[in-house]
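**Q** See data-v2.cif below, with mmCIF, C-alpha atoms.
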data_input
loop_
_atom_site.label_atom_id
_atom_site.label_comp_id
_atom_site.auth_asym_id
_atom_site.auth_seq_id
_atom_site.Cartn_x
_atom_site.Cartn_y
_atom_site.Cartn_z
CA MET A 15 0.00 0.00 0.00
CA ASN A 16 2.39 2.71 -1.21
CA ASN A 17 -0.40 4.73 -2.81
CA ILE A 18 -1.11 7.75 -0.59
CA GLU A 19 -4.80 7.60 -1.59
CA HIS A 20 -5.20 4.45 0.52
CA TYR A 21 -4.43 6.60 3.58
CA ARG A 22 -6.81 9.50 2.84
CA GLU A 23 -9.48 8.49 5.37
CA PHE A 24 -6.87 7.90 8.07
CA ILE A 25 -5.32 11.34 7.49
CA LYS A 26 -8.76 12.93 7.54
CA GLU A 27 -9.62 11.16 10.82
CA VAL A 28 -6.39 12.31 12.50
CA LEU A 29 -6.95 15.91 11.41
CA HIS A 30 -10.66 15.90 12.34
CA ASN A 31 -9.76 14.61 15.79
CA TYR A 32 -8.50 18.18 16.37
CA TYR A 33 -10.43 20.33 13.89
CA LYS A 34 -12.69 19.77 10.87
CA VAL A 35 -10.34 20.48 7.98
CA SER A 36 -11.77 20.96 4.47
CA ASP A 37 -11.36 18.35 1.74
CA LYS A 38 -9.36 20.95 -0.22
CA SER A 39 -6.82 21.29 2.62
CA ILE A 40 -6.62 17.51 3.02
CA GLU A 41 -5.96 17.21 -0.71
CA GLN A 42 -3.10 19.72 -0.42
CA LEU A 43 -1.61 17.77 2.48
CA ILE A 44 -1.87 14.47 0.60
CA THR A 45 -0.20 16.01 -2.46
CA ASN A 46 2.83 16.81 -0.27
CA ALA A 47 2.96 13.47 1.59
CA LYS A 48 4.69 10.17 1.01
CA ILE A 49 4.51 6.76 2.68
CA ARG A 50 7.41 5.33 4.68
CA HIS A 51 7.54 1.62 5.60
CA LEU A 52 10.10 0.99 8.34
CA GLU A 53 11.20 -2.15 10.13
CA LYS A 54 11.56 -2.26 13.91
CA GLY A 55 14.67 -0.50 15.21
CA LYS A 56 15.02 2.10 12.43
CA LEU A 57 15.81 5.75 13.15
CA LEU A 58 13.54 8.48 11.83
CA LEU A 59 15.72 11.12 13.46
CA SER A 60 19.08 11.03 15.26
CA VAL A 61 20.18 13.13 18.23
CA GLY A 62 21.88 16.23 16.83
CA GLU A 63 20.12 16.00 13.47
CA ARG A 64 17.86 18.85 12.35
CA ALA A 65 14.28 17.64 11.95
CA ARG A 66 12.84 18.23 8.47
CA HIS A 67 9.61 16.21 8.55
CA ILE A 68 6.57 15.41 10.60
CA TYR A 69 4.84 12.05 10.42
CA PHE A 70 1.33 10.71 10.84
CA LEU A 71 1.77 7.26 12.40
CA PHE A 72 -0.56 4.86 10.58
CA GLN A 73 0.73 1.59 12.04
CA GLY A 74 3.33 0.59 14.62
CA SER A 75 5.03 2.56 17.37
CA VAL A 76 7.86 5.04 17.71
CA VAL A 77 9.78 6.23 20.78
CA SER A 78 11.59 9.47 21.33
CA CYS A 79 14.66 9.00 23.50
CA TYR A 80 17.76 10.82 24.67
CA LEU A 81 20.77 10.29 26.90
CA ASN A 82 20.88 12.25 30.15
CA ASN A 83 24.10 13.72 31.57
CA GLU A 84 24.93 10.42 33.28
CA GLY A 85 24.62 8.53 29.99
CA LYS A 86 21.34 6.88 30.92
CA LEU A 87 18.85 6.37 28.07
CA TYR A 88 15.48 7.98 28.72
CA HIS A 89 12.38 7.39 26.62
CA LYS A 90 10.56 10.69 26.44
CA ASN A 91 7.40 9.63 24.60
CA ILE A 92 5.76 6.63 23.04
CA PHE A 93 3.89 7.40 19.82
CA LEU A 94 1.16 5.01 18.66
CA GLU A 95 -1.26 4.81 15.73
CA GLY A 96 -2.99 8.11 15.04
CA ASN A 97 -0.24 10.18 16.68
CA ILE A 98 1.67 12.94 14.95
CA VAL A 99 5.38 12.23 15.35
CA GLY A 100 8.26 14.69 15.19
CA SER A 101 10.77 16.79 17.06
CA ILE A 102 8.62 19.90 17.28
CA VAL A 103 11.24 22.08 19.00
CA SER A 104 13.83 21.17 16.36
CA LEU A 105 11.32 21.94 13.61
CA LEU A 106 10.23 25.26 15.10
CA ASN A 107 13.75 26.49 15.88
CA ASN A 108 15.52 24.83 12.94
CA GLN A 109 18.03 23.47 15.46
CA PRO A 110 19.49 20.00 16.09
CA SER A 111 17.13 17.66 17.90
CA ASN A 112 17.85 16.82 21.54
CA PHE A 113 16.37 13.36 21.07
CA SER A 114 16.09 10.58 18.53
CA LEU A 115 12.99 8.99 17.05
CA GLU A 116 13.12 5.22 16.61
CA THR A 117 10.59 2.62 15.50
CA ILE A 118 10.01 -0.06 18.12
CA GLU A 119 7.61 -2.01 15.91
CA LYS A 120 7.36 -2.43 12.16
CA SER A 121 5.76 0.88 11.21
CA ILE A 122 3.98 2.72 8.41
CA LEU A 123 4.23 6.51 8.53
CA ILE A 124 2.93 9.29 6.34
CA GLU A 125 5.78 11.75 5.92
CA ILE A 126 5.31 15.46 5.24
CA ASN A 127 8.09 17.97 4.68
CA TYR A 128 7.77 20.53 7.48
CA SER A 129 8.24 23.60 5.26
CA LYS A 130 5.33 22.38 3.06
CA TYR A 131 3.31 21.67 6.21
CA LYS A 132 3.94 25.23 7.50
CA GLN A 133 2.96 26.61 4.11
CA LEU A 134 -0.37 24.76 4.36
CA ILE A 135 -0.90 26.24 7.83
CA ASN A 136 -0.13 29.77 6.62
CA GLU A 137 -2.35 29.53 3.53
CA ASN A 138 -5.42 27.72 4.97
CA ILE A 139 -7.36 29.01 7.97
CA ASP A 140 -8.87 25.58 8.68
CA PHE A 141 -5.42 24.01 8.76
CA LYS A 142 -4.22 26.81 11.01
CA ASN A 143 -7.11 26.07 13.38
CA PHE A 144 -6.17 22.37 13.33
CA TYR A 145 -2.57 23.27 14.17
CA ILE A 146 -3.58 25.51 17.08
CA SER A 147 -5.88 22.81 18.46
CA TYR A 148 -3.15 20.17 18.08
CA LEU A 149 -0.56 22.31 19.90
CA GLU A 150 -2.99 23.25 22.69
CA ARG A 151 -4.06 19.67 23.35
CA ASN A 152 -0.67 17.96 23.05
CA TRP A 153 1.80 20.59 24.19
CA VAL A 154 -0.26 22.34 26.86
CA ILE A 155 -3.15 20.23 28.21
CA ASP A 156 -1.71 16.69 27.88
CA LYS A 157 1.84 17.78 28.73
CA GLU A 158 0.71 19.52 31.92
CA LYS A 159 -1.40 16.52 32.94
CA ARG A 160 1.55 14.18 32.47
CA GLU A 161 3.87 16.45 34.46
CA ILE A 162 1.34 16.73 37.31
CA ASP A 163 0.69 12.97 37.26
CA ILE A 164 4.42 12.22 37.62
CA ILE A 165 4.57 14.45 40.71
CA LEU A 166 1.21 13.73 42.35
CA LYS A 167 0.21 10.20 41.30
CA GLU A 168 1.70 6.97 42.53
CA ALA A 169 3.55 4.97 39.88
CA LYS A 170 0.93 2.22 40.11
CA ASP A 171 -1.87 4.69 39.27
CA ARG A 172 0.09 6.11 36.34
CA TYR A 173 0.61 2.58 35.05
CA ILE A 174 -3.10 1.71 35.41
CA ASP A 175 -4.11 4.90 33.57
CA PHE A 176 -1.64 4.11 30.78
CA ILE A 177 -2.80 0.53 30.20
CA ARG A 178 -6.46 1.61 30.36
CA THR A 179 -5.76 4.11 27.60
CA HIS A 180 -3.71 1.55 25.61
CA PRO A 181 -5.15 -1.90 26.55
CA ASP A 182 -2.95 -4.03 24.27
CA ILE A 183 0.29 -2.08 24.77
CA GLU A 184 2.08 -4.67 26.93
CA ASN A 185 1.68 -7.30 24.20
CA ARG A 186 3.20 -4.97 21.64
CA ILE A 187 6.20 -3.20 23.11
CA ALA A 188 8.91 -3.96 25.66
CA LEU A 189 8.16 -3.02 29.26
CA GLN A 190 11.36 -0.93 29.45
CA TYR A 191 9.72 1.63 27.13
CA ILE A 192 6.57 1.74 29.23
CA ALA A 193 8.56 2.11 32.45
CA SER A 194 10.67 4.95 31.07
CA HIS A 195 7.58 6.67 29.67
CA LEU A 196 6.00 6.50 33.13
CA GLY A 197 9.13 7.88 34.79
CA ILE A 198 9.99 4.68 36.68
CA THR A 199 12.57 1.90 36.36
CA PRO A 200 11.79 -1.47 34.74
CA THR A 201 12.32 -3.05 38.18
CA GLN A 202 9.68 -0.77 39.73
CA LEU A 203 7.26 -1.60 36.91
CA SER A 204 7.90 -5.30 37.38
CA ARG A 205 7.07 -4.99 41.11
CA ILE A 206 3.87 -3.07 40.36
CA ARG A 207 2.75 -5.69 37.85
CA LYS A 208 3.48 -8.56 40.29
CA LYS A 209 1.47 -6.88 43.06
CA MET A 210 -1.45 -6.31 40.71
CA LYS A 211 -1.51 -10.01 39.73
#
As a first step, turn the structure in this file into structure tokens.

**A**
Amino acid sequence: MNNIEHYREFIKEVLHNYYKVSDKSIEQLITNAKIRHLEKGKLLLSVGERARHIYFLFQGSVVSCYLNNEGKLYHKNIFLEGNIVGSIVSLLNNQPSNFSLETIEKSILIEINYSKYKQLINENIDFKNFYISYLERNWVIDKEKREIDIILKEAKDRYIDFIRTHPDIENRIALQYIASHLGITPTQLSRIRKKMK
């Protein structure tokens, strides 16, 4: 399924999840998109590389990860089907990314050049409204909730919330990614899971 037309309804659904974008704007987006099929363990973006694209994740999963000052690998986010994937700060500032993006399952992504994407936003009010809604929900509301949860919620409660939101996640990806995403160690996650059983 390399034909972008096969992904039209998916793209429309992702966009409409934030704002009802016109068919004309969707057509413009599709015209500037291409399909990427990647095996597990492939890099979309390396640390220090300038991001040039955003991706709509059709199938699979991607993690963003970076090394802290002690050399410990930290998984910042897990992206699943329907998510928009990219290093937004790198894209906005045209600077090297502080983290990498790697597939942790065989994945299909719809790739859009960021400069074309920004052009669509600047030329189409409905796309601009989508973009504002996307940023507000993901980079303000959800980000704040996650930060508050890490401080105020017990690790067990964060884990329960995560698996309720993504019921099949433990059968798909390694627990180390889930643990890191939740801000705990794999050992802590293992203890939580044992107690729950």

**Q** Quick one: apply the PyMOL selection byres ((chain A and resi 21) around 12) to the file and drop the selected residues here as an NGL selection string.

**A** :A and (15-20 or 22-28 or 40-41 or 43-45 or 47-50 or 70-73 or 96 or 122-125)

**Q** To one decimal place in Å, what is the distance between CA of Leu149 in chain A and CA of Ile68 in chain A?

**A** 13.6 Å

**Q** Need the shell around range 152-169 of chain A: protein/DNA/RNA residues with any atom at most 9 Å away, counting all atoms listed in the file. Skip same-chain ones fewer than 4 positions apart. Format as a tab-separated table (two decimals) with C-alpha atoms, keeping the file's coordinate frame?

**A**
chain	number	residue	atom	x	y	z
A	147	SER	CA	-5.88	22.81	18.46
A	148	TYR	CA	-3.15	20.17	18.08
A	173	TYR	CA	0.61	2.58	35.05
A	174	ILE	CA	-3.10	1.71	35.41
A	196	LEU	CA	6.00	6.50	33.13
A	197	GLY	CA	9.13	7.88	34.79
A	198	ILE	CA	9.99	4.68	36.68
A	202	GLN	CA	9.68	-0.77	39.73
A	203	LEU	CA	7.26	-1.60	36.91
A	206	ILE	CA	3.87	-3.07	40.36

**Q** From the set A:Val103, A:Val35, A:Ile126, A:Val77, which residue has the shortest atom-to-atom contact distance to Gln190 in chain A, counting all atoms listed in the file?

**A**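 For Gln190 in chain A, the nearest of the given residues is A:Val77.
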
**Q** Set the distance at 9 Å and use all atoms listed in the file: which residues neighbour His195 in chain A once local chain neighbours fewer than 3 positions away are removed? I'd like the list as an mmCIF file with C-alpha atoms, in the frame of the given file.

**A**
data_model
loop_
_atom_site.group_PDB
_atom_site.id
_atom_site.type_symbol
_atom_site.label_atom_id
_atom_site.label_comp_id
_atom_site.auth_asym_id
_atom_site.auth_seq_id
_atom_site.Cartn_x
_atom_site.Cartn_y
_atom_site.Cartn_z
ATOM 1 C CA TYR A 88 15.480 7.980 28.720
ATOM 2 C CA HIS A 89 12.380 7.390 26.620
ATOM 3 C CA LYS A 90 10.560 10.690 26.440
ATOM 4 C CA ASN A 91 7.400 9.630 24.600
ATOM 5 C CA ILE A 92 5.760 6.630 23.040
ATOM 6 C CA GLN A 190 11.360 -0.930 29.450
ATOM 7 C CA TYR A 191 9.720 1.630 27.130
ATOM 8 C CA ILE A 192 6.570 1.740 29.230
ATOM 9 C CA ILE A 198 9.990 4.680 36.680
#

**Q** Any idea what's packed within 12 Å of Glu116 in chain A, counting all atoms listed in the file, ignoring anything in its chain fewer than 6 positions away? Could you give it as a list in words?

**A**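 Non-adjacent residues within range: Leu52, Glu53, Lys54, Gly55, Lys56, Leu57, Leu58, Leu59, Ser60, Val61, Gly74, Ser75, Val76, Val77, Ser78, Cys79, Tyr80, His89, Lys90, Asn91, Ile92, Phe93, Val99, Gly100, Ser101 and Tyr191 of chain A.
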
**Q** What is the CA of Pro181 in chain A-CA of Thr201 in chain A distance in Å, reported with one decimal?

**A**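 Interatomic distance, CA of Pro181 in chain A to CA of Thr201 in chain A: 21.0 Å.
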
**Q** I'd like to know which of A:Ile102, A:Ile139, A:Leu134, A:Ile146 is closest to Arg64 in chain A, using only C-alpha atoms.

**A** A:Ile102

**Q** Complete range 156-187 of chain A with N, CA and C atoms (output as an mmCIF file, in the frame of the given file).

**A**
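Output contents, as saved in result-v5.cif:
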data_model
loop_
_atom_site.group_PDB
_atom_site.id
_atom_site.type_symbol
_atom_site.label_atom_id
_atom_site.label_comp_id
_atom_site.auth_asym_id
_atom_site.auth_seq_id
_atom_site.Cartn_x
_atom_site.Cartn_y
_atom_site.Cartn_z
ATOM 1 N N ASP A 156 -2.228 18.031 27.586
ATOM 2 C CA ASP A 156 -1.710 16.690 27.880
ATOM 3 C C ASP A 156 -0.355 16.725 28.570
ATOM 4 N N LYS A 157 0.503 17.661 28.135
ATOM 5 C CA LYS A 157 1.840 17.780 28.730
ATOM 6 C C LYS A 157 1.736 18.156 30.210
ATOM 7 N N GLU A 158 0.872 19.114 30.521
ATOM 8 C CA GLU A 158 0.710 19.520 31.920
ATOM 9 C C GLU A 158 0.152 18.376 32.754
ATOM 10 N N LYS A 159 -0.826 17.659 32.212
ATOM 11 C CA LYS A 159 -1.400 16.520 32.940
ATOM 12 C C LYS A 159 -0.328 15.479 33.244
ATOM 13 N N ARG A 160 0.495 15.178 32.259
ATOM 14 C CA ARG A 160 1.550 14.180 32.470
ATOM 15 C C ARG A 160 2.548 14.645 33.528
ATOM 16 N N GLU A 161 2.928 15.909 33.471
ATOM 17 C CA GLU A 161 3.870 16.450 34.460
ATOM 18 C C GLU A 161 3.283 16.403 35.871
ATOM 19 N N ILE A 162 2.008 16.762 35.999
ATOM 20 C CA ILE A 162 1.340 16.730 37.310
ATOM 21 C C ILE A 162 1.202 15.296 37.800
ATOM 22 N N ASP A 163 0.831 14.381 36.887
ATOM 23 C CA ASP A 163 0.690 12.970 37.260
ATOM 24 C C ASP A 163 1.993 12.394 37.806
ATOM 25 N N ILE A 164 3.127 12.743 37.174
ATOM 26 C CA ILE A 164 4.420 12.220 37.620
ATOM 27 C C ILE A 164 4.725 12.696 39.045
ATOM 28 N N ILE A 165 4.299 13.908 39.381
ATOM 29 C CA ILE A 165 4.570 14.450 40.710
ATOM 30 C C ILE A 165 3.541 13.962 41.742
ATOM 31 N N LEU A 166 2.268 13.968 41.375
ATOM 32 C CA LEU A 166 1.210 13.730 42.350
ATOM 33 C C LEU A 166 0.665 12.294 42.405
ATOM 34 N N LYS A 167 0.780 11.545 41.308
ATOM 35 C CA LYS A 167 0.210 10.200 41.300
ATOM 36 C C LYS A 167 1.266 9.152 41.604
ATOM 37 N N GLU A 168 0.838 8.124 42.293
ATOM 38 C CA GLU A 168 1.700 6.970 42.530
ATOM 39 C C GLU A 168 1.994 6.294 41.188
ATOM 40 N N ALA A 169 3.145 5.647 41.109
ATOM 41 C CA ALA A 169 3.550 4.970 39.880
ATOM 42 C C ALA A 169 2.508 3.935 39.441
ATOM 43 N N LYS A 170 1.943 3.232 40.418
ATOM 44 C CA LYS A 170 0.930 2.220 40.110
ATOM 45 C C LYS A 170 -0.266 2.855 39.398
ATOM 46 N N ASP A 171 -0.728 4.009 39.878
ATOM 47 C CA ASP A 171 -1.870 4.690 39.270
ATOM 48 C C ASP A 171 -1.552 5.187 37.867
ATOM 49 N N ARG A 172 -0.328 5.671 37.674
ATOM 50 C CA ARG A 172 0.090 6.110 36.340
ATOM 51 C C ARG A 172 0.095 4.926 35.369
ATOM 52 N N TYR A 173 0.572 3.795 35.863
ATOM 53 C CA TYR A 173 0.610 2.580 35.050
ATOM 54 C C TYR A 173 -0.819 2.132 34.687
ATOM 55 N N ILE A 174 -1.710 2.112 35.664
ATOM 56 C CA ILE A 174 -3.100 1.710 35.410
ATOM 57 C C ILE A 174 -3.750 2.635 34.386
ATOM 58 N N ASP A 175 -3.554 3.940 34.538
ATOM 59 C CA ASP A 175 -4.110 4.900 33.570
ATOM 60 C C ASP A 175 -3.580 4.620 32.165
ATOM 61 N N PHE A 176 -2.270 4.325 32.078
ATOM 62 C CA PHE A 176 -1.640 4.110 30.780
ATOM 63 C C PHE A 176 -2.187 2.859 30.097
ATOM 64 N N ILE A 177 -2.310 1.752 30.841
ATOM 65 C CA ILE A 177 -2.800 0.530 30.200
ATOM 66 C C ILE A 177 -4.306 0.574 29.934
ATOM 67 N N ARG A 178 -5.032 1.404 30.678
ATOM 68 C CA ARG A 178 -6.460 1.610 30.360
ATOM 69 C C ARG A 178 -6.605 2.349 29.026
ATOM 70 N N THR A 179 -5.730 3.326 28.831
ATOM 71 C CA THR A 179 -5.760 4.110 27.600
ATOM 72 C C THR A 179 -5.268 3.283 26.411
ATOM 73 N N HIS A 180 -4.313 2.372 26.666
ATOM 74 C CA HIS A 180 -3.710 1.550 25.610
ATOM 75 C C HIS A 180 -3.769 0.079 26.042
ATOM 76 N N PRO A 181 -4.940 -0.564 25.971
ATOM 77 C CA PRO A 181 -5.150 -1.900 26.550
ATOM 78 C C PRO A 181 -4.198 -2.991 26.058
ATOM 79 N N ASP A 182 -3.761 -2.954 24.819
ATOM 80 C CA ASP A 182 -2.950 -4.030 24.270
ATOM 81 C C ASP A 182 -1.449 -3.706 24.265
ATOM 82 N N ILE A 183 -1.072 -2.601 24.879
ATOM 83 C CA ILE A 183 0.290 -2.080 24.770
ATOM 84 C C ILE A 183 1.353 -3.053 25.273
ATOM 85 N N GLU A 184 1.069 -3.780 26.344
ATOM 86 C CA GLU A 184 2.080 -4.670 26.930
ATOM 87 C C GLU A 184 2.373 -5.874 26.034
ATOM 88 N N ASN A 185 1.451 -6.211 25.151
ATOM 89 C CA ASN A 185 1.680 -7.300 24.200
ATOM 90 C C ASN A 185 2.432 -6.830 22.964
ATOM 91 N N ARG A 186 2.590 -5.526 22.846
ATOM 92 C CA ARG A 186 3.200 -4.970 21.640
ATOM 93 C C ARG A 186 4.627 -4.481 21.829
ATOM 94 N N ILE A 187 4.874 -3.804 22.942
ATOM 95 C CA ILE A 187 6.200 -3.200 23.110
ATOM 96 C C ILE A 187 6.834 -3.602 24.433
#
